[in-house]
$ cat coords-v7.cif   # mmCIF, C-alpha atoms
data_my_file
#
loop_
_atom_site.label_atom_id
_atom_site.label_comp_id
_atom_site.auth_asym_id
_atom_site.auth_seq_id
_atom_site.Cartn_x
_atom_site.Cartn_y
_atom_site.Cartn_z
CA MET A 1 0.00 0.00 0.00
CA SER A 2 1.29 3.51 -0.77
CA VAL A 3 -0.23 5.23 2.29
CA LYS A 4 2.29 5.89 5.08
CA ARG A 5 1.36 3.95 8.22
CA THR A 6 2.24 4.63 11.85
CA PRO A 7 5.06 2.25 12.89
CA PHE A 8 3.65 -0.68 14.83
CA ASP A 9 5.17 -3.84 16.29
CA LEU A 10 2.77 -6.33 14.75
CA PRO A 11 4.84 -9.48 15.52
CA GLY A 12 4.97 -8.42 19.16
CA PHE A 13 1.26 -7.66 19.22
CA LEU A 14 0.35 -11.01 17.65
CA SER A 15 2.69 -12.94 19.95
CA THR A 16 1.40 -11.44 23.19
CA ARG A 17 -2.27 -11.64 22.15
CA THR A 18 -1.91 -15.22 20.92
CA ASP A 19 -0.40 -16.16 24.28
CA ALA A 20 -3.24 -14.42 26.13
CA VAL A 21 -5.90 -16.10 23.99
CA ASN A 22 -4.28 -19.53 24.38
CA ARG A 23 -4.10 -19.16 28.16
CA ALA A 24 -7.76 -18.10 28.28
CA LEU A 25 -8.90 -20.93 25.99
CA ASP A 26 -7.00 -23.41 28.15
CA LYS A 27 -9.03 -22.23 31.15
CA PHE A 28 -12.36 -22.03 29.30
CA LEU A 29 -12.23 -25.51 27.73
CA PRO A 30 -12.63 -28.70 29.80
CA SER A 31 -9.35 -30.52 30.41
CA GLU A 32 -8.37 -33.60 28.42
CA LYS A 33 -8.97 -35.70 31.54
CA THR A 34 -12.59 -34.62 31.89
CA ARG A 35 -14.91 -37.49 31.06
CA PRO A 36 -15.54 -38.38 28.27
CA ALA A 37 -11.86 -37.68 27.60
CA THR A 38 -12.02 -38.39 23.86
CA ILE A 39 -14.23 -35.42 23.01
CA HIS A 40 -12.18 -33.00 25.08
CA LYS A 41 -8.94 -34.27 23.53
CA ALA A 42 -10.47 -33.79 20.08
CA MET A 43 -11.66 -30.25 20.89
CA ARG A 44 -8.25 -29.28 22.24
CA TYR A 45 -6.40 -30.98 19.38
CA SER A 46 -7.91 -28.57 16.86
CA ILE A 47 -8.16 -25.44 19.02
CA PHE A 48 -4.46 -25.69 19.93
CA ALA A 49 -3.20 -26.85 16.53
CA GLY A 50 -1.21 -23.67 15.94
CA GLY A 51 -3.59 -21.28 14.21
CA LYS A 52 -2.67 -17.62 13.71
CA ARG A 53 -5.48 -16.44 16.04
CA MET A 54 -6.29 -13.73 13.52
CA ARG A 55 -9.94 -13.32 14.53
CA PRO A 56 -9.14 -12.97 18.23
CA ALA A 57 -6.38 -10.50 17.35
CA LEU A 58 -8.85 -8.41 15.35
CA CYS A 59 -11.32 -8.53 18.25
CA LEU A 60 -8.71 -7.34 20.75
CA ALA A 61 -7.37 -4.68 18.36
CA ALA A 62 -10.90 -3.33 17.87
CA ALA A 63 -11.36 -3.05 21.64
CA GLN A 64 -8.07 -1.16 21.79
CA ALA A 65 -9.15 1.20 19.00
CA CYS A 66 -12.32 1.99 20.97
CA GLN A 67 -10.25 2.68 24.12
CA GLY A 68 -11.63 -0.34 25.88
CA SER A 69 -10.04 -3.08 27.96
CA GLU A 70 -8.62 -6.05 26.10
CA LYS A 71 -9.34 -8.10 29.22
CA ASP A 72 -13.05 -7.38 28.75
CA ALA A 73 -12.82 -8.42 25.08
CA LEU A 74 -10.91 -11.65 25.78
CA PRO A 75 -13.95 -13.96 26.28
CA LEU A 76 -15.39 -12.73 22.98
CA ALA A 77 -12.06 -13.23 21.22
CA CYS A 78 -12.01 -16.81 22.51
CA ALA A 79 -15.63 -17.36 21.47
CA VAL A 80 -15.00 -16.39 17.84
CA GLU A 81 -11.94 -18.65 17.75
CA CYS A 82 -14.06 -21.58 18.96
CA ILE A 83 -16.57 -20.93 16.18
CA HIS A 84 -13.81 -20.58 13.59
CA THR A 85 -12.18 -23.84 14.69
CA TYR A 86 -15.50 -25.69 14.68
CA SER A 87 -16.07 -24.54 11.10
CA LEU A 88 -12.63 -25.82 10.07
CA ILE A 89 -13.20 -29.25 11.63
CA HIS A 90 -16.48 -29.61 9.75
CA ASP A 91 -15.02 -28.10 6.54
CA ASP A 92 -12.35 -30.81 6.46
CA LEU A 93 -14.77 -33.73 6.78
CA PRO A 94 -15.10 -36.17 3.84
CA ALA A 95 -18.69 -35.00 3.31
CA MET A 96 -17.45 -31.42 2.84
CA ASP A 97 -13.96 -30.49 1.57
CA ASN A 98 -12.42 -33.89 2.42
CA ASP A 99 -9.00 -32.61 3.52
CA ASP A 100 -6.29 -34.58 5.30
CA PHE A 101 -4.24 -31.68 6.69
CA ARG A 102 -4.96 -28.46 8.54
CA ARG A 103 -2.35 -26.13 10.05
CA GLY A 104 0.31 -28.64 9.05
CA LYS A 105 -1.22 -31.49 11.04
CA PRO A 106 -3.64 -34.33 10.24
CA THR A 107 -7.22 -33.08 10.32
CA ASN A 108 -9.43 -33.88 13.28
CA HIS A 109 -11.33 -36.72 11.62
CA LYS A 110 -8.05 -38.34 10.55
CA VAL A 111 -6.98 -38.54 14.19
CA PHE A 112 -10.27 -39.15 16.02
CA GLY A 113 -12.62 -40.49 13.33
CA GLU A 114 -15.51 -38.78 11.60
CA GLY A 115 -18.06 -39.24 14.36
CA VAL A 116 -15.92 -37.66 17.07
CA ALA A 117 -14.83 -34.88 14.68
CA VAL A 118 -18.47 -33.94 14.06
CA LEU A 119 -19.12 -33.89 17.79
CA ALA A 120 -15.92 -31.94 18.52
CA GLY A 121 -17.10 -29.26 16.10
CA ASP A 122 -20.55 -29.25 17.68
CA ALA A 123 -19.00 -28.96 21.14
CA LEU A 124 -16.78 -26.02 20.18
CA LEU A 125 -19.73 -24.18 18.63
CA THR A 126 -21.72 -24.67 21.83
CA GLN A 127 -18.72 -23.76 23.99
CA ALA A 128 -18.43 -20.45 22.14
CA PHE A 129 -21.75 -19.22 23.54
CA GLU A 130 -20.91 -20.36 27.05
CA ILE A 131 -17.66 -18.38 26.87
CA ALA A 132 -19.28 -15.31 25.30
CA ALA A 133 -21.90 -15.23 28.05
CA ARG A 134 -19.09 -14.64 30.57
CA CYS A 135 -18.16 -11.29 29.04
CA LYS A 136 -18.67 -8.05 30.92
CA LYS A 137 -21.79 -6.27 29.70
CA SER A 138 -21.60 -2.62 28.65
CA PRO A 139 -24.29 0.08 28.74
CA ARG A 140 -24.95 -0.04 24.99
CA TYR A 141 -24.42 -3.77 24.50
CA PRO A 142 -26.04 -6.10 27.04
CA HIS A 143 -25.50 -9.85 26.84
CA GLU A 144 -28.58 -10.25 24.63
CA LYS A 145 -26.97 -8.15 21.86
CA ILE A 146 -23.62 -9.91 22.22
CA ILE A 147 -25.13 -13.40 21.91
CA ARG A 148 -27.36 -12.35 19.00
CA GLU A 149 -24.33 -10.89 17.21
CA LEU A 150 -22.39 -14.14 17.56
CA ALA A 151 -25.36 -16.35 16.65
CA GLY A 152 -26.17 -14.28 13.58
CA ALA A 153 -22.64 -14.54 12.22
CA ALA A 154 -22.54 -18.31 12.78
CA GLY A 155 -26.03 -19.12 11.55
CA SER A 156 -27.82 -20.13 8.37
CA LEU A 157 -27.87 -16.58 6.98
CA GLN A 158 -24.11 -16.06 7.25
CA LEU A 159 -21.35 -18.63 7.94
CA ILE A 160 -23.47 -21.69 7.18
CA ALA A 161 -25.08 -19.94 4.20
CA GLY A 162 -21.64 -19.43 2.72
CA GLN A 163 -20.68 -23.05 3.24
CA VAL A 164 -23.90 -24.32 1.62
CA ALA A 165 -23.52 -21.98 -1.35
CA ASP A 166 -19.88 -23.05 -1.67
CA LEU A 167 -20.83 -26.74 -1.75
CA GLU A 168 -23.57 -26.13 -4.30
CA ALA A 169 -21.19 -24.18 -6.55
CA GLU A 170 -18.61 -26.96 -6.88
CA GLY A 171 -18.14 -28.04 -10.48
CA LYS A 172 -20.38 -25.24 -11.79
CA GLU A 173 -19.73 -21.96 -13.53
CA ILE A 174 -20.92 -19.15 -11.29
CA SER A 175 -20.81 -15.37 -11.59
CA GLU A 176 -18.48 -13.06 -9.69
CA ALA A 177 -21.55 -11.81 -7.80
CA ASP A 178 -22.38 -15.35 -6.66
CA LEU A 179 -18.78 -15.88 -5.56
CA LYS A 180 -18.89 -12.64 -3.58
CA PHE A 181 -22.04 -13.92 -1.85
CA ILE A 182 -20.12 -17.05 -0.77
CA HIS A 183 -17.11 -15.11 0.50
CA GLU A 184 -19.21 -12.51 2.30
CA ARG A 185 -20.81 -15.23 4.36
CA LYS A 186 -18.24 -18.00 4.58
CA THR A 187 -15.34 -15.73 5.61
CA SER A 188 -16.22 -12.05 5.96
CA ALA A 189 -19.13 -12.57 8.36
CA LEU A 190 -17.06 -14.01 11.23
CA LEU A 191 -14.16 -11.60 10.70
CA CYS A 192 -16.61 -8.70 10.75
CA CYS A 193 -18.27 -10.15 13.85
CA SER A 194 -14.85 -10.33 15.54
CA VAL A 195 -14.14 -6.61 15.22
CA ARG A 196 -17.73 -5.66 16.06
CA LEU A 197 -17.61 -7.72 19.26
CA GLY A 198 -14.31 -6.08 20.20
CA GLY A 199 -15.94 -2.69 19.80
CA MET A 200 -19.03 -3.76 21.72
CA SER A 201 -16.88 -4.94 24.63
CA ALA A 202 -15.55 -1.37 24.81
CA ASN A 203 -19.04 0.20 24.71
CA CYS A 204 -18.17 1.76 21.35
CA THR A 205 -20.24 4.56 19.88
CA PRO A 206 -22.60 3.92 16.95
CA ALA A 207 -20.15 5.74 14.64
CA GLU A 208 -17.28 3.55 15.83
CA LEU A 209 -19.35 0.40 15.33
CA THR A 210 -20.17 1.50 11.78
CA GLY A 211 -16.47 2.04 11.07
CA LEU A 212 -15.58 -1.36 12.50
CA THR A 213 -18.34 -3.00 10.47
CA HIS A 214 -17.10 -1.54 7.18
CA PHE A 215 -13.51 -2.41 8.12
CA GLY A 216 -14.36 -6.01 9.05
CA TYR A 217 -16.47 -6.56 5.95
CA HIS A 218 -13.77 -5.41 3.52
CA VAL A 219 -10.91 -7.09 5.37
CA GLY A 220 -12.92 -10.32 5.47
CA LEU A 221 -13.48 -10.29 1.72
CA ALA A 222 -9.84 -9.43 1.04
CA PHE A 223 -8.75 -12.26 3.35
CA GLN A 224 -10.68 -14.84 1.32
CA VAL A 225 -9.51 -13.47 -2.03
CA ILE A 226 -5.90 -13.81 -0.80
CA ASP A 227 -6.73 -17.32 0.44
CA ASP A 228 -7.93 -18.22 -3.06
CA ILE A 229 -4.73 -16.81 -4.55
CA LEU A 230 -2.48 -18.70 -2.13
CA ASP A 231 -4.21 -21.98 -2.93
CA VAL A 232 -3.00 -21.52 -6.50
CA THR A 233 0.47 -20.06 -5.86
CA GLN A 234 1.78 -21.79 -2.71
CA THR A 235 2.77 -25.34 -1.80
CA SER A 236 1.09 -27.57 0.78
CA GLU A 237 4.13 -27.18 3.05
CA GLN A 238 3.85 -23.39 2.93
CA LEU A 239 0.11 -23.38 3.58
CA GLY A 240 -0.05 -26.14 6.18
CA LYS A 241 -2.95 -27.63 4.24
CA THR A 242 -3.45 -29.24 0.85
CA ALA A 243 -2.57 -26.77 -1.90
CA GLY A 244 -4.42 -26.82 -5.23
CA LYS A 245 -7.45 -28.43 -3.62
CA ASP A 246 -9.84 -25.73 -4.88
CA ALA A 247 -8.97 -26.39 -8.51
CA ALA A 248 -8.99 -30.16 -8.02
CA VAL A 249 -12.62 -30.15 -6.85
CA GLN A 250 -13.60 -27.35 -9.25
CA LYS A 251 -14.38 -24.99 -6.39
CA ALA A 252 -15.43 -21.45 -7.27
CA THR A 253 -12.56 -19.03 -6.53
CA TYR A 254 -11.53 -15.55 -7.64
CA PRO A 255 -8.47 -16.75 -9.65
CA ALA A 256 -10.68 -19.30 -11.43
CA ILE A 257 -13.28 -16.70 -12.37
CA VAL A 258 -11.33 -13.45 -12.92
CA GLY A 259 -7.66 -14.56 -13.04
CA LEU A 260 -4.72 -14.04 -10.67
CA GLU A 261 -3.83 -10.46 -11.51
CA LYS A 262 -7.37 -9.14 -11.24
CA SER A 263 -7.76 -11.10 -7.98
CA ARG A 264 -4.71 -9.30 -6.56
CA ARG A 265 -6.14 -5.93 -7.60
CA ILE A 266 -9.47 -6.78 -5.98
CA ALA A 267 -7.70 -7.69 -2.70
CA GLU A 268 -5.76 -4.40 -2.75
CA ARG A 269 -8.92 -2.39 -3.45
CA LEU A 270 -10.80 -4.10 -0.62
CA THR A 271 -7.93 -3.47 1.79
CA GLY A 272 -7.90 0.20 0.79
CA LYS A 273 -11.59 0.44 1.65
CA ALA A 274 -10.87 -1.23 5.00
CA PHE A 275 -8.26 1.45 5.78
CA ALA A 276 -10.68 4.20 4.79
CA ALA A 277 -13.26 2.86 7.26
CA LEU A 278 -10.83 3.48 10.14
CA LYS A 279 -10.61 7.27 9.66
CA THR A 280 -13.22 7.78 12.36
CA PHE A 281 -10.71 6.50 14.93
CA GLN A 282 -8.27 9.37 14.27
CA GLY A 283 -5.08 7.34 14.62
CA ARG A 284 -6.25 5.03 17.41
CA ALA A 285 -6.62 1.99 15.14
CA VAL A 286 -2.95 1.35 14.30
CA ALA A 287 -3.22 -2.31 15.33
CA LEU A 288 -6.18 -2.84 12.99
CA GLU A 289 -4.32 -1.08 10.16
CA ALA A 290 -1.25 -3.27 10.70
CA LEU A 291 -3.39 -6.42 10.74
CA ALA A 292 -5.13 -5.44 7.50
CA GLU A 293 -1.81 -4.82 5.75
CA PHE A 294 -0.42 -8.11 7.08
CA LEU A 295 -3.44 -10.02 5.77
CA LEU A 296 -3.02 -8.45 2.33
CA LYS A 297 0.67 -9.35 2.10
CA ARG A 298 0.64 -12.75 3.84
CA ASP A 299 2.05 -15.79 2.06
CA ARG A 300 0.22 -18.54 3.95
#
$ encode --input "coords-v7.cif" --output "structure tokens"
Amino acid sequence: MSVKRTPFDLPGFLSTRTDAVNRALDKFLPSEKTRPATIHKAMRYSIFAGGKRMRPALCLAAAQACQGSEKDALPLACAVECIHTYSLIHDDLPAMDNDDFRRGKPTNHKVFGEGVAVLAGDALLTQAFEIAARCKKSPRYPHEKIIRELAGAAGSLQLIAGQVADLEAEGKEISEADLKFIHERKTSALLCCSVRLGGMSANCTPAELTGLTHFGYHVGLAFQVIDDILDVTQTSEQLGKTAGKDAAVQKATYPAIVGLEKSRRIAERLTGKAFAALKTFQGRAVALEALAEFLLKRDR
């Protein structure tokens, strides 16, 4: 990007926030010894498989931008990570994307079997709401609004809608508009929810919530466009999951529909719109800006 950004220690930010999220998740989730041990081992196997914790980081950065406490946002950051991990476990199942590797490790169903993998995903989805309900309420955003926000992003109009549309599009020629519908729901919805929840934890103003919403929407779309590009350009070792899988199953992607170069331009344009949405924060959203730039330039 050509716009000059305020210097920010993103590696340090991600490292400390990942550690904080991991410690919190370890406390929120039942131990591996809790009966029945198999389900809790399966839940922990995927939640602690080494993900980048990007959604929690966005949640905590949004709270920071709204001058709130990251401690108050932490349960919500953990909740969105539980939902994200549940979606990955189910995505990898033979009935869905049928993948053998995730984050460089065998997928959940390869280790625990399909039945337990389904249940582990179910359990993490349920756990997310239990964790979110522990958050500190704010004057503008009582628990009812927080839970509805999370449920809406994870439900049949958003995350699940995107997955269904994605499945139905396999092997078919679809329009760019239809592909955008899939990405808006399958990826952008939960990323947008993450930053909105971070703002809500800080009792953000309506104007701040609008800014976070526009930022999360555009970053979420850019994230998935880059994901599509990386599936074409990177190796399985670089990605930590099976490369070239989208093309192999004739999945609808931006490179397949508009080509690599136009896909890169689309990702840059979306990221630019995400930056523009942060103007309302008057320099307080440096962590969100750094995260958006990192997501645009990532190689895995």
$ axis_aligned_box --input "coords-v7.cif" --around "segment 154-159 of chain A" --padding-each-side "5 Å" --output "JSON"
{"center_x": -24.6, "center_y": -18.1, "center_z": 9.9, "size_x": 16.5, "size_y": 14.1, "size_z": 15.8}
$ resolve_selection --input "coords-v7.cif" --expression "the PyMOL selection byres ((chain A and resi 61-78) around 9)" --output "PyMOL selection string"
chain A and resi 20-22+24-25+28+53+55-60+79-83+128+131-137+146+150+194-205+208+212+281+283-288+291
$ write_last_selection --input "coords-v7.cif" --atoms "C-alpha atoms" --output "tab-separated table (two decimals), in the coordinates of the input"
chain	number	residue	atom	x	y	z
A	20	ALA	CA	-3.24	-14.42	26.13
A	21	VAL	CA	-5.90	-16.10	23.99
A	22	ASN	CA	-4.28	-19.53	24.38
A	24	ALA	CA	-7.76	-18.10	28.28
A	25	LEU	CA	-8.90	-20.93	25.99
A	28	PHE	CA	-12.36	-22.03	29.30
A	53	ARG	CA	-5.48	-16.44	16.04
A	55	ARG	CA	-9.94	-13.32	14.53
A	56	PRO	CA	-9.14	-12.97	18.23
A	57	ALA	CA	-6.38	-10.50	17.35
A	58	LEU	CA	-8.85	-8.41	15.35
A	59	CYS	CA	-11.32	-8.53	18.25
A	60	LEU	CA	-8.71	-7.34	20.75
A	79	ALA	CA	-15.63	-17.36	21.47
A	80	VAL	CA	-15.00	-16.39	17.84
A	81	GLU	CA	-11.94	-18.65	17.75
A	82	CYS	CA	-14.06	-21.58	18.96
A	83	ILE	CA	-16.57	-20.93	16.18
A	128	ALA	CA	-18.43	-20.45	22.14
A	131	ILE	CA	-17.66	-18.38	26.87
A	132	ALA	CA	-19.28	-15.31	25.30
A	133	ALA	CA	-21.90	-15.23	28.05
A	134	ARG	CA	-19.09	-14.64	30.57
A	135	CYS	CA	-18.16	-11.29	29.04
A	136	LYS	CA	-18.67	-8.05	30.92
A	137	LYS	CA	-21.79	-6.27	29.70
A	146	ILE	CA	-23.62	-9.91	22.22
A	150	LEU	CA	-22.39	-14.14	17.56
A	194	SER	CA	-14.85	-10.33	15.54
A	195	VAL	CA	-14.14	-6.61	15.22
A	196	ARG	CA	-17.73	-5.66	16.06
A	197	LEU	CA	-17.61	-7.72	19.26
A	198	GLY	CA	-14.31	-6.08	20.20
A	199	GLY	CA	-15.94	-2.69	19.80
A	200	MET	CA	-19.03	-3.76	21.72
A	201	SER	CA	-16.88	-4.94	24.63
A	202	ALA	CA	-15.55	-1.37	24.81
A	203	ASN	CA	-19.04	0.20	24.71
A	204	CYS	CA	-18.17	1.76	21.35
A	205	THR	CA	-20.24	4.56	19.88
A	208	GLU	CA	-17.28	3.55	15.83
A	212	LEU	CA	-15.58	-1.36	12.50
A	281	PHE	CA	-10.71	6.50	14.93
A	283	GLY	CA	-5.08	7.34	14.62
A	284	ARG	CA	-6.25	5.03	17.41
A	285	ALA	CA	-6.62	1.99	15.14
A	286	VAL	CA	-2.95	1.35	14.30
A	287	ALA	CA	-3.22	-2.31	15.33
A	288	LEU	CA	-6.18	-2.84	12.99
A	291	LEU	CA	-3.39	-6.42	10.74
$ resolve_selection --input "coords-v7.cif" --expression "the PyMOL selection byres ((chain A and resi 215) around 12)" --output "number ranges by chain"
A: 58, 62, 188-189, 191-196, 199, 208-214, 216-223, 270-281, 285, 288-289, 291-292
$ atom_distance --input "coords-v7.cif" --atom1 "atom CA of Pro7 of chain A" --atom2 "atom CA of Asp299 of chain A"
21.3 Å
$ closest_residue --input "coords-v7.cif" --among "A:Leu167, A:Glu293, A:Val232, A:Ser263" --to "Asp97 of chain A" --atoms "only C-alpha atoms"
A:Leu167
$ atom_distance --input "coords-v7.cif" --atom1 "atom CA of Glu168 of chain A" --atom2 "atom CA of Arg265 of chain A"
26.9 Å
$ build_atoms --input "coords-v7.cif" --residues "segment 119-143 of chain A" --atoms "N, CA and C atoms" --output "PDB file, in the coordinates of the input"
ATOM      1  N   LEU A 119     -18.738 -34.272  16.432  1.00  0.00           N
ATOM      2  CA  LEU A 119     -19.120 -33.890  17.790  1.00  0.00           C
ATOM      3  C   LEU A 119     -18.166 -32.847  18.385  1.00  0.00           C
ATOM      4  N   ALA A 120     -16.879 -32.937  18.037  1.00  0.00           N
ATOM      5  CA  ALA A 120     -15.920 -31.940  18.520  1.00  0.00           C
ATOM      6  C   ALA A 120     -16.273 -30.563  17.958  1.00  0.00           C
ATOM      7  N   GLY A 121     -16.655 -30.522  16.684  1.00  0.00           N
ATOM      8  CA  GLY A 121     -17.100 -29.260  16.100  1.00  0.00           C
ATOM      9  C   GLY A 121     -18.355 -28.742  16.776  1.00  0.00           C
ATOM     10  N   ASP A 122     -19.306 -29.630  16.981  1.00  0.00           N
ATOM     11  CA  ASP A 122     -20.550 -29.250  17.680  1.00  0.00           C
ATOM     12  C   ASP A 122     -20.246 -28.688  19.063  1.00  0.00           C
ATOM     13  N   ALA A 123     -19.335 -29.352  19.766  1.00  0.00           N
ATOM     14  CA  ALA A 123     -19.000 -28.960  21.140  1.00  0.00           C
ATOM     15  C   ALA A 123     -18.333 -27.586  21.168  1.00  0.00           C
ATOM     16  N   LEU A 124     -17.454 -27.320  20.216  1.00  0.00           N
ATOM     17  CA  LEU A 124     -16.780 -26.020  20.180  1.00  0.00           C
ATOM     18  C   LEU A 124     -17.760 -24.899  19.839  1.00  0.00           C
ATOM     19  N   LEU A 125     -18.701 -25.178  18.949  1.00  0.00           N
ATOM     20  CA  LEU A 125     -19.730 -24.180  18.630  1.00  0.00           C
ATOM     21  C   LEU A 125     -20.544 -23.848  19.881  1.00  0.00           C
ATOM     22  N   THR A 126     -20.948 -24.878  20.603  1.00  0.00           N
ATOM     23  CA  THR A 126     -21.720 -24.670  21.830  1.00  0.00           C
ATOM     24  C   THR A 126     -20.885 -23.951  22.881  1.00  0.00           C
ATOM     25  N   GLN A 127     -19.621 -24.357  23.010  1.00  0.00           N
ATOM     26  CA  GLN A 127     -18.720 -23.760  23.990  1.00  0.00           C
ATOM     27  C   GLN A 127     -18.563 -22.257  23.742  1.00  0.00           C
ATOM     28  N   ALA A 128     -18.602 -21.858  22.484  1.00  0.00           N
ATOM     29  CA  ALA A 128     -18.430 -20.450  22.140  1.00  0.00           C
ATOM     30  C   ALA A 128     -19.455 -19.567  22.850  1.00  0.00           C
ATOM     31  N   PHE A 129     -20.692 -20.027  22.908  1.00  0.00           N
ATOM     32  CA  PHE A 129     -21.750 -19.220  23.540  1.00  0.00           C
ATOM     33  C   PHE A 129     -21.616 -19.209  25.052  1.00  0.00           C
ATOM     34  N   GLU A 130     -21.159 -20.316  25.609  1.00  0.00           N
ATOM     35  CA  GLU A 130     -20.910 -20.360  27.050  1.00  0.00           C
ATOM     36  C   GLU A 130     -19.817 -19.358  27.436  1.00  0.00           C
ATOM     37  N   ILE A 131     -18.764 -19.311  26.597  1.00  0.00           N
ATOM     38  CA  ILE A 131     -17.660 -18.380  26.870  1.00  0.00           C
ATOM     39  C   ILE A 131     -18.111 -16.939  26.674  1.00  0.00           C
ATOM     40  N   ALA A 132     -18.826 -16.677  25.589  1.00  0.00           N
ATOM     41  CA  ALA A 132     -19.280 -15.310  25.300  1.00  0.00           C
ATOM     42  C   ALA A 132     -20.186 -14.774  26.407  1.00  0.00           C
ATOM     43  N   ALA A 133     -20.969 -15.655  26.990  1.00  0.00           N
ATOM     44  CA  ALA A 133     -21.900 -15.230  28.050  1.00  0.00           C
ATOM     45  C   ALA A 133     -21.173 -14.766  29.309  1.00  0.00           C
ATOM     46  N   ARG A 134     -19.873 -15.060  29.400  1.00  0.00           N
ATOM     47  CA  ARG A 134     -19.090 -14.640  30.570  1.00  0.00           C
ATOM     48  C   ARG A 134     -18.542 -13.226  30.419  1.00  0.00           C
ATOM     49  N   CYS A 135     -18.738 -12.612  29.262  1.00  0.00           N
ATOM     50  CA  CYS A 135     -18.160 -11.290  29.040  1.00  0.00           C
ATOM     51  C   CYS A 135     -18.845 -10.245  29.926  1.00  0.00           C
ATOM     52  N   LYS A 136     -18.141  -9.165  30.135  1.00  0.00           N
ATOM     53  CA  LYS A 136     -18.670  -8.050  30.920  1.00  0.00           C
ATOM     54  C   LYS A 136     -19.628  -7.246  30.047  1.00  0.00           C
ATOM     55  N   LYS A 137     -20.834  -7.036  30.506  1.00  0.00           N
ATOM     56  CA  LYS A 137     -21.790  -6.270  29.700  1.00  0.00           C
ATOM     57  C   LYS A 137     -21.426  -4.782  29.737  1.00  0.00           C
ATOM     58  N   SER A 138     -21.825  -4.062  28.703  1.00  0.00           N
ATOM     59  CA  SER A 138     -21.600  -2.620  28.650  1.00  0.00           C
ATOM     60  C   SER A 138     -22.942  -1.925  28.496  1.00  0.00           C
ATOM     61  N   PRO A 139     -22.999  -0.635  28.791  1.00  0.00           N
ATOM     62  CA  PRO A 139     -24.290   0.080  28.740  1.00  0.00           C
ATOM     63  C   PRO A 139     -25.022  -0.057  27.408  1.00  0.00           C
ATOM     64  N   ARG A 140     -24.297   0.040  26.300  1.00  0.00           N
ATOM     65  CA  ARG A 140     -24.950  -0.040  24.990  1.00  0.00           C
ATOM     66  C   ARG A 140     -25.164  -1.464  24.509  1.00  0.00           C
ATOM     67  N   TYR A 141     -24.397  -2.404  25.042  1.00  0.00           N
ATOM     68  CA  TYR A 141     -24.420  -3.770  24.500  1.00  0.00           C
ATOM     69  C   TYR A 141     -24.566  -4.816  25.603  1.00  0.00           C
ATOM     70  N   PRO A 142     -25.805  -5.055  26.046  1.00  0.00           N
ATOM     71  CA  PRO A 142     -26.040  -6.100  27.040  1.00  0.00           C
ATOM     72  C   PRO A 142     -25.779  -7.487  26.441  1.00  0.00           C
ATOM     73  N   HIS A 143     -25.803  -8.494  27.291  1.00  0.00           N
ATOM     74  CA  HIS A 143     -25.500  -9.850  26.840  1.00  0.00           C
ATOM     75  C   HIS A 143     -26.404 -10.302  25.690  1.00  0.00           C
TER      76      HIS A 143
END
